[in-house]
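Have a look at work35.csv; it's CSV, C-alpha atoms:
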chain,number,residue,atom,x,y,z
N,2,TRP,CA,-52.7,19.1,-75.3
N,3,LEU,CA,-50.5,18.6,-72.2
N,4,LYS,CA,-52.7,21.0,-70.3
N,5,ASP,CA,-55.8,19.1,-71.3
N,6,LEU,CA,-54.1,15.8,-70.3
N,7,ARG,CA,-53.3,17.2,-66.8
N,8,GLU,CA,-56.8,18.5,-66.3
N,9,ALA,CA,-58.2,15.1,-67.4
N,10,ARG,CA,-56.1,13.1,-64.8
N,11,PRO,CA,-58.1,12.3,-61.6
N,12,SER,CA,-56.9,13.9,-58.4
N,13,PRO,CA,-54.9,11.6,-56.2
N,14,GLY,CA,-56.9,12.7,-53.2
N,15,PRO,CA,-55.5,13.2,-49.7
N,16,ARG,CA,-52.4,11.2,-48.9
N,17,ALA,CA,-52.8,8.5,-46.4
N,18,PRO,CA,-51.1,9.1,-43.1
N,19,ARG,CA,-47.7,7.5,-42.7
N,20,ARG,CA,-47.7,4.6,-40.3
N,21,PRO,CA,-45.5,5.2,-37.3
N,22,ARG,CA,-42.3,3.1,-37.2
N,23,ALA,CA,-42.7,0.2,-34.8
N,24,MET,CA,-40.6,0.6,-31.6
N,25,ALA,CA,-38.1,-2.1,-30.7
N,26,SER,CA,-39.4,-4.5,-28.1
N,27,PRO,CA,-37.9,-4.2,-24.6
N,28,ALA,CA,-36.2,-7.6,-25.1
N,29,LYS,CA,-34.6,-6.4,-28.3
N,30,ARG,CA,-33.4,-3.1,-26.7
N,31,ALA,CA,-32.0,-5.0,-23.8
N,32,ARG,CA,-30.1,-7.3,-26.2
N,33,THR,CA,-28.7,-4.2,-28.1
N,34,GLU,CA,-27.6,-2.5,-24.9
N,35,THR,CA,-26.0,-5.7,-23.6
N,36,GLY,CA,-24.2,-6.1,-26.9
N,37,ASP,CA,-22.9,-2.5,-26.8
N,38,ALA,CA,-21.7,-3.0,-23.2
N,39,LEU,CA,-20.0,-6.2,-24.1
N,40,GLN,CA,-18.2,-4.6,-27.0
N,41,ASP,CA,-17.1,-1.7,-24.7
N,42,ARG,CA,-15.8,-4.2,-22.1
N,43,ILE,CA,-13.9,-6.1,-24.8
N,44,LYS,CA,-12.2,-2.9,-25.9
N,45,GLU,CA,-11.3,-2.2,-22.2
N,46,LEU,CA,-9.8,-5.7,-21.8
N,47,GLU,CA,-7.9,-5.4,-25.1
N,48,ALA,CA,-6.5,-2.0,-24.0
N,49,GLU,CA,-5.4,-3.5,-20.7
N,50,ARG,CA,-3.9,-6.5,-22.4
N,51,ASP,CA,-1.9,-4.2,-24.7
N,52,MET,CA,-0.7,-2.1,-21.7
N,53,TRP,CA,0.7,-5.2,-19.9
N,54,ARG,CA,2.2,-6.5,-23.1
N,55,ALA,CA,4.0,-3.2,-23.6
N,56,LYS,CA,5.2,-3.2,-20.1
N,57,ALA,CA,6.5,-6.8,-20.4
N,58,GLU,CA,8.3,-5.9,-23.6
N,59,GLY,CA,9.8,-2.8,-21.9
N,60,SER,CA,8.4,-0.3,-24.4
N,61,GLY,CA,7.4,3.1,-23.2
N,62,VAL,CA,7.4,4.6,-19.6
N,63,ALA,CA,5.3,2.3,-17.4
N,64,PHE,CA,5.0,4.8,-14.5
N,65,PRO,CA,5.6,8.3,-15.8
N,66,ALA,CA,4.7,10.0,-12.5
N,67,THR,CA,7.5,8.2,-10.6
N,68,HIS,CA,10.0,7.8,-13.5
N,69,TRP,CA,12.4,10.3,-12.0
N,70,PRO,CA,15.0,11.2,-11.1
N,71,ALA,CA,17.3,9.1,-13.3
N,72,ALA,CA,19.6,8.5,-10.3
N,73,LYS,CA,17.1,6.0,-8.9
N,74,PRO,CA,18.6,2.5,-9.0
N,75,SER,CA,15.2,1.1,-9.5
N,76,LEU,CA,15.1,2.8,-12.9
N,77,ALA,CA,18.5,1.4,-14.0
N,78,GLY,CA,17.0,-1.8,-15.4
N,79,GLN,CA,16.9,-5.3,-14.1
N,80,PRO,CA,19.9,-6.2,-11.9
N,81,SER,CA,22.2,-9.2,-12.4
N,82,TYR,CA,21.3,-11.7,-9.6
N,83,PRO,CA,23.8,-13.6,-7.6
N,84,GLN,CA,24.0,-17.3,-7.7
N,85,TYR,CA,21.5,-18.9,-5.4
N,86,ASP,CA,22.8,-22.1,-3.7
N,87,ARG,CA,19.8,-24.3,-2.8
N,88,SER,CA,22.1,-26.6,-0.8
N,89,LYS,CA,22.5,-23.8,1.7
N,90,PRO,CA,19.0,-22.4,1.9
N,91,ALA,CA,19.3,-20.2,5.0
N,92,GLU,CA,22.6,-18.6,3.9
N,93,SER,CA,21.4,-18.0,0.3
N,94,PHE,CA,18.1,-16.6,1.5
N,95,LEU,CA,19.9,-14.2,3.8
N,96,ALA,CA,22.2,-13.1,1.0
N,97,VAL,CA,19.1,-12.0,-1.0
N,98,CYS,CA,17.9,-10.0,2.0
N,99,ASP,CA,21.3,-8.2,2.2
N,100,MET,CA,21.0,-7.5,-1.5
N,101,LEU,CA,17.6,-5.9,-1.1
N,102,ILE,CA,18.7,-3.8,1.9
N,103,ASP,CA,21.7,-2.6,-0.1
N,104,GLU,CA,19.4,-1.7,-3.0
N,105,VAL,CA,17.0,0.2,-0.8
N,106,CYS,CA,19.7,2.2,0.9
N,107,ALA,CA,21.5,3.0,-2.3
N,108,GLU,CA,18.4,4.6,-3.6
N,109,LEU,CA,17.4,6.7,-0.6
N,110,GLY,CA,20.2,9.3,-1.1
N,111,PRO,CA,20.3,10.0,-4.8
N,112,GLY,CA,16.6,9.2,-5.4
N,113,TYR,CA,15.0,10.9,-2.4
N,114,GLU,CA,17.7,13.3,-1.1
N,115,MET,CA,17.8,11.5,2.2
N,116,PRO,CA,20.8,12.5,4.5
N,117,GLU,CA,23.4,9.9,5.2
N,118,ALA,CA,22.5,9.7,8.8
N,119,GLU,CA,18.9,8.8,7.9
N,120,VAL,CA,20.1,6.2,5.4
N,121,ALA,CA,22.2,4.6,8.1
N,122,TRP,CA,19.2,4.6,10.4
N,123,ALA,CA,17.2,2.8,7.7
N,124,ARG,CA,19.9,0.2,7.3
N,125,ARG,CA,20.1,-0.4,11.0
N,126,MET,CA,16.3,-0.6,11.4
N,127,LEU,CA,16.0,-3.1,8.6
N,128,ASN,CA,18.8,-5.3,9.8
N,129,TYR,CA,17.3,-5.3,13.3
N,130,ASN,CA,13.6,-5.9,12.4
N,131,VAL,CA,13.4,-7.9,9.1
N,132,ARG,CA,16.6,-9.8,8.7
N,133,GLY,CA,16.9,-13.1,10.5
N,134,GLY,CA,14.4,-15.0,12.5
N,135,LYS,CA,13.2,-18.5,11.5
N,136,MET,CA,12.3,-17.2,8.0
N,137,ASN,CA,9.9,-20.1,7.5
N,138,ARG,CA,7.4,-18.0,5.5
N,139,GLY,CA,10.0,-16.8,3.1
N,140,LEU,CA,11.7,-20.1,2.6
N,141,MET,CA,8.4,-21.8,2.0
N,142,VAL,CA,7.8,-19.4,-1.0
N,143,ILE,CA,11.0,-20.8,-2.6
N,144,GLU,CA,10.3,-24.4,-2.0
N,145,SER,CA,6.7,-24.4,-3.0
N,146,GLY,CA,7.4,-22.2,-6.0
N,147,VAL,CA,10.1,-24.5,-7.3
N,148,HIS,CA,7.8,-27.6,-6.9
N,149,ILE,CA,5.0,-25.9,-8.7
N,150,LEU,CA,7.2,-24.7,-11.6
N,151,GLU,CA,8.8,-28.2,-11.9
N,152,ALA,CA,5.4,-29.9,-11.9
N,153,LYS,CA,4.3,-27.5,-14.8
N,154,LYS,CA,7.6,-28.1,-16.7
N,155,MET,CA,8.5,-24.4,-16.4
N,156,SER,CA,11.8,-22.7,-15.9
N,157,THR,CA,13.6,-22.9,-12.6
N,158,SER,CA,16.6,-20.8,-13.7
N,159,ASN,CA,18.7,-19.0,-11.2
N,160,ASP,CA,16.9,-15.7,-11.9
N,161,THR,CA,13.6,-17.4,-11.3
N,162,ILE,CA,14.7,-18.8,-7.9
N,163,VAL,CA,16.1,-15.5,-6.8
N,164,ARG,CA,12.8,-13.8,-7.7
N,165,LEU,CA,11.1,-16.4,-5.6
N,166,ALA,CA,13.5,-15.5,-2.7
N,167,ILE,CA,12.7,-11.8,-3.3
N,168,LEU,CA,9.0,-12.5,-3.1
N,169,GLY,CA,9.7,-14.5,0.1
N,170,TRP,CA,11.5,-11.5,1.6
N,171,CYS,CA,8.5,-9.3,0.7
N,172,ILE,CA,6.4,-11.5,2.9
N,173,GLU,CA,9.1,-11.5,5.6
N,174,TRP,CA,9.2,-7.6,5.5
N,175,LEU,CA,5.4,-7.5,5.5
N,176,GLN,CA,5.4,-9.6,8.7
N,177,GLY,CA,8.3,-7.5,10.1
N,178,TRP,CA,6.6,-4.1,9.9
N,179,LEU,CA,3.4,-5.6,11.4
N,180,LEU,CA,5.3,-6.9,14.3
N,181,VAL,CA,7.1,-3.6,15.0
N,182,ALA,CA,3.7,-1.9,15.1
N,183,ASP,CA,2.1,-4.7,17.1
N,184,ASP,CA,4.9,-4.7,19.7
N,185,PHE,CA,4.4,-1.0,20.3
N,186,MET,CA,0.7,-1.3,20.7
N,187,ASP,CA,0.9,-4.3,23.0
N,188,ASP,CA,3.8,-2.9,25.1
N,189,SER,CA,5.7,-6.1,24.3
N,190,LYS,CA,9.3,-6.4,25.7
N,191,THR,CA,11.1,-8.9,23.4
N,192,ARG,CA,10.9,-10.0,19.8
N,193,ARG,CA,13.0,-12.8,18.3
N,194,GLY,CA,15.0,-13.1,21.5
N,195,GLN,CA,16.0,-9.4,21.6
N,196,LYS,CA,14.6,-6.1,22.9
N,197,CYS,CA,11.6,-4.8,20.9
N,198,TRP,CA,12.6,-2.0,18.5
N,199,TYR,CA,10.6,0.7,20.2
N,200,LEU,CA,12.3,0.1,23.5
N,201,HIS,CA,15.6,1.5,22.3
N,202,ASP,CA,16.1,4.9,23.9
N,203,ASP,CA,16.8,6.6,20.5
N,204,VAL,CA,13.7,4.9,18.8
N,205,GLN,CA,10.6,4.9,21.0
N,206,LYS,CA,7.7,6.4,19.1
N,207,ILE,CA,9.8,6.6,15.9
N,208,ALA,CA,9.1,2.9,15.7
N,209,ILE,CA,5.7,3.7,14.2
N,210,ASN,CA,7.2,5.6,11.4
N,211,ASP,CA,9.8,2.8,10.8
N,212,ALA,CA,6.9,0.3,10.6
N,213,PHE,CA,5.1,2.3,7.9
N,214,PHE,CA,8.4,2.9,6.1
N,215,THR,CA,9.1,-0.8,6.0
N,216,GLU,CA,5.6,-1.5,4.6
N,217,MET,CA,6.3,0.9,1.8
N,218,LEU,CA,9.6,-0.7,1.0
N,219,VAL,CA,7.8,-3.9,0.2
N,220,TYR,CA,6.2,-2.2,-2.7
N,221,LYS,CA,9.4,-0.6,-3.8
N,222,VAL,CA,11.0,-4.0,-3.9
N,223,LEU,CA,8.1,-5.4,-5.9
N,224,LYS,CA,8.3,-2.6,-8.4
N,225,ARG,CA,12.0,-2.9,-8.9
N,226,HIS,CA,12.0,-6.7,-9.5
N,227,PHE,CA,8.5,-7.5,-10.8
N,228,SER,CA,7.0,-4.4,-12.6
N,229,HIS,CA,8.2,-5.7,-16.0
N,230,LEU,CA,6.3,-9.0,-15.5
N,231,PRO,CA,2.6,-9.4,-16.4
N,232,TYR,CA,1.6,-10.6,-13.0
N,233,TYR,CA,3.0,-7.6,-11.1
N,234,ALA,CA,-0.5,-6.1,-10.4
N,235,GLN,CA,-1.5,-9.4,-8.9
N,236,LEU,CA,1.4,-9.4,-6.5
N,237,VAL,CA,0.6,-5.9,-5.4
N,238,ASP,CA,-3.0,-6.8,-4.9
N,239,LEU,CA,-2.0,-9.9,-2.9
N,240,MET,CA,0.2,-7.9,-0.5
N,241,MET,CA,-2.5,-5.2,0.0
N,242,GLU,CA,-5.2,-7.8,0.6
N,243,THR,CA,-3.0,-9.7,3.1
N,244,THR,CA,-2.2,-6.4,4.9
N,245,PHE,CA,-5.9,-5.5,5.1
N,246,GLN,CA,-6.8,-9.0,6.5
N,247,THR,CA,-4.0,-8.8,9.0
N,248,GLU,CA,-4.8,-5.3,10.2
Any chance you could put this one into structure tokens?
Amino acid sequence: WLKDLREARPSPGPRAPRRPRAMASPAKRARTETGDALQDRIKELEAERDMWRAKAEGSGVAFPATHWPAAKPSLAGQPSYPQYDRSKPAESFLAVCDMLIDEVCAELGPGYEMPEAEVAWARRMLNYNVRGGKMNRGLMVIESGVHILEAKKMSTSNDTIVRLAILGWCIEWLQGWLLVADDFMDDSKTRRGQKCWYLHDDVQKIAINDAFFTEMLVYKVLKRHFSHLPYYAQLVDLMMETTFQTE
């Protein structure tokens, strides 16, 4: 009887063709693509945020390609800063410069295998070209920085003021190397009341190398004293942009 029932059922006939799925409109596709791009960008920003947070907290190796050798003073952690006496601005500011020159020279031997004679040259060159002068640019960094921090009710501890002084010296050193190169190109005779660096018999064209060396030291100083802070990249960018505009 099942066979008779199947034979008695009417044939369903040909199946109707399936309607094609409607394609998303261009506007909808654009919204989807924009949303995906936005999510990707959010992930990138979150990853960057986590990187800077890890650096600020001191976790992990921030710069693995240059995290050697261990003898580098710049890898020994943050130094203990001397007391900065704001009642004697010029003397205190010069003391910070001496500290930075000592740090640089202490690293050249064990960190870069530089011979003692070359280290002595670097110290002489820095003392001649970047130490001293009116120091207006550097001193303005301290004074303006303190006023801004006080207005925002932020810390003006001794470490903060010394870091402002270090940043001031980065600007002074930046100006210093540009002047060494400029004097050589312009055949200048004197700078800051003394003979231009390139005019010394044992210097001459070496002054160009000394200018570039001083420029690189600006970034060594920034790395040593600011790389653990979240605004380190902004400081590097500021120095690079200022150099580009000056050149």
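Taking CA of Leu109 in chain N and CA of Lys135 in chain N as endpoints, the distance between them is 28.3 Å.
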Exercise for the section: Work out how far apart CA of Arg164 in chain N and CA of Trp198 in chain N are and give it in Å to one decimal. Expected result: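 Separating CA of Arg164 in chain N from CA of Trp198 in chain N is a distance of 28.7 Å.
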Practice task
To one decimal in Å, tell me the separation between CA of Asp211 in chain N and CA of Cys98 in chain N.
Solution key: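 Going from CA of Asp211 in chain N over to CA of Cys98 in chain N covers 17.5 Å.
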Handout entry: Nearest-residue call for Glu108 in chain N, choices N:Phe227, N:Ala123, N:Ala96, N:Trp178, using all atoms listed in the file
Key =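 When distances to Glu108 in chain N are compared using all atoms listed in the file, the smallest one comes from N:Ala123.
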Practice task
Determine the nearest neighbour of Lys206 in chain N from the options N:Asp184, N:Glu47, N:Glu104, N:Glu144, counting all atoms listed in the file.
Solution key: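 For Lys206 in chain N, the nearest of the given residues is N:Asp184.
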Exercise for the section: Check the smallest atom-to-atom distance from each of N:Val181, N:Leu127, N:Leu175, N:Ala152 to Ile207 in chain N using all atoms listed in the file, then report the winner. Expected result: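 That would be N:Val181, the residue with the smallest distance to Ile207 in chain N.
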Practice task
Find the residue from N:Met52, N:Leu140, N:Pro231, N:Met241 that sits nearest to Glu92 in chain N; use all atoms listed in the file when measuring.
Solution key: N:Leu140
Problem - Option closest in space to Met240 in chain N, from N:Gln205, N:Gly169, N:Leu200, N:Asp188 [counting only C-alpha atoms] - result: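 Smallest separation from Met240 in chain N among the options: N:Gly169.
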Problem - Spatial neighbours of Ala234 in chain N, 10 Å, only C-alpha atoms, chain gap at least 5 places, as number ranges by chain - result: N: 53, 223-224, 227-228, 239
Handout entry: Spatial neighbours of Ser93 in chain N, 12 Å, only C-alpha atoms, chain gap at least 4 places, as a ChimeraX atom specification
Key = /N:82-89,97-100,136,139-140,143,159,162-163,165-167,170
Write the residues you've just listed into a file as a PDB file, keeping the file's coordinate frame, and include C-alpha atoms for each of them.
ATOM      1  CA  TYR N  82      21.300 -11.700  -9.600  1.00  0.00           C
ATOM      2  CA  PRO N  83      23.800 -13.600  -7.600  1.00  0.00           C
ATOM      3  CA  GLN N  84      24.000 -17.300  -7.700  1.00  0.00           C
ATOM      4  CA  TYR N  85      21.500 -18.900  -5.400  1.00  0.00           C
ATOM      5  CA  ASP N  86      22.800 -22.100  -3.700  1.00  0.00           C
ATOM      6  CA  ARG N  87      19.800 -24.300  -2.800  1.00  0.00           C
ATOM      7  CA  SER N  88      22.100 -26.600  -0.800  1.00  0.00           C
ATOM      8  CA  LYS N  89      22.500 -23.800   1.700  1.00  0.00           C
ATOM      9  CA  VAL N  97      19.100 -12.000  -1.000  1.00  0.00           C
ATOM     10  CA  CYS N  98      17.900 -10.000   2.000  1.00  0.00           C
ATOM     11  CA  ASP N  99      21.300  -8.200   2.200  1.00  0.00           C
ATOM     12  CA  MET N 100      21.000  -7.500  -1.500  1.00  0.00           C
ATOM     13  CA  MET N 136      12.300 -17.200   8.000  1.00  0.00           C
ATOM     14  CA  GLY N 139      10.000 -16.800   3.100  1.00  0.00           C
ATOM     15  CA  LEU N 140      11.700 -20.100   2.600  1.00  0.00           C
ATOM     16  CA  ILE N 143      11.000 -20.800  -2.600  1.00  0.00           C
ATOM     17  CA  ASN N 159      18.700 -19.000 -11.200  1.00  0.00           C
ATOM     18  CA  ILE N 162      14.700 -18.800  -7.900  1.00  0.00           C
ATOM     19  CA  VAL N 163      16.100 -15.500  -6.800  1.00  0.00           C
ATOM     20  CA  LEU N 165      11.100 -16.400  -5.600  1.00  0.00           C
ATOM     21  CA  ALA N 166      13.500 -15.500  -2.700  1.00  0.00           C
ATOM     22  CA  ILE N 167      12.700 -11.800  -3.300  1.00  0.00           C
ATOM     23  CA  TRP N 170      11.500 -11.500   1.600  1.00  0.00           C
TER      24      TRP N 170
END
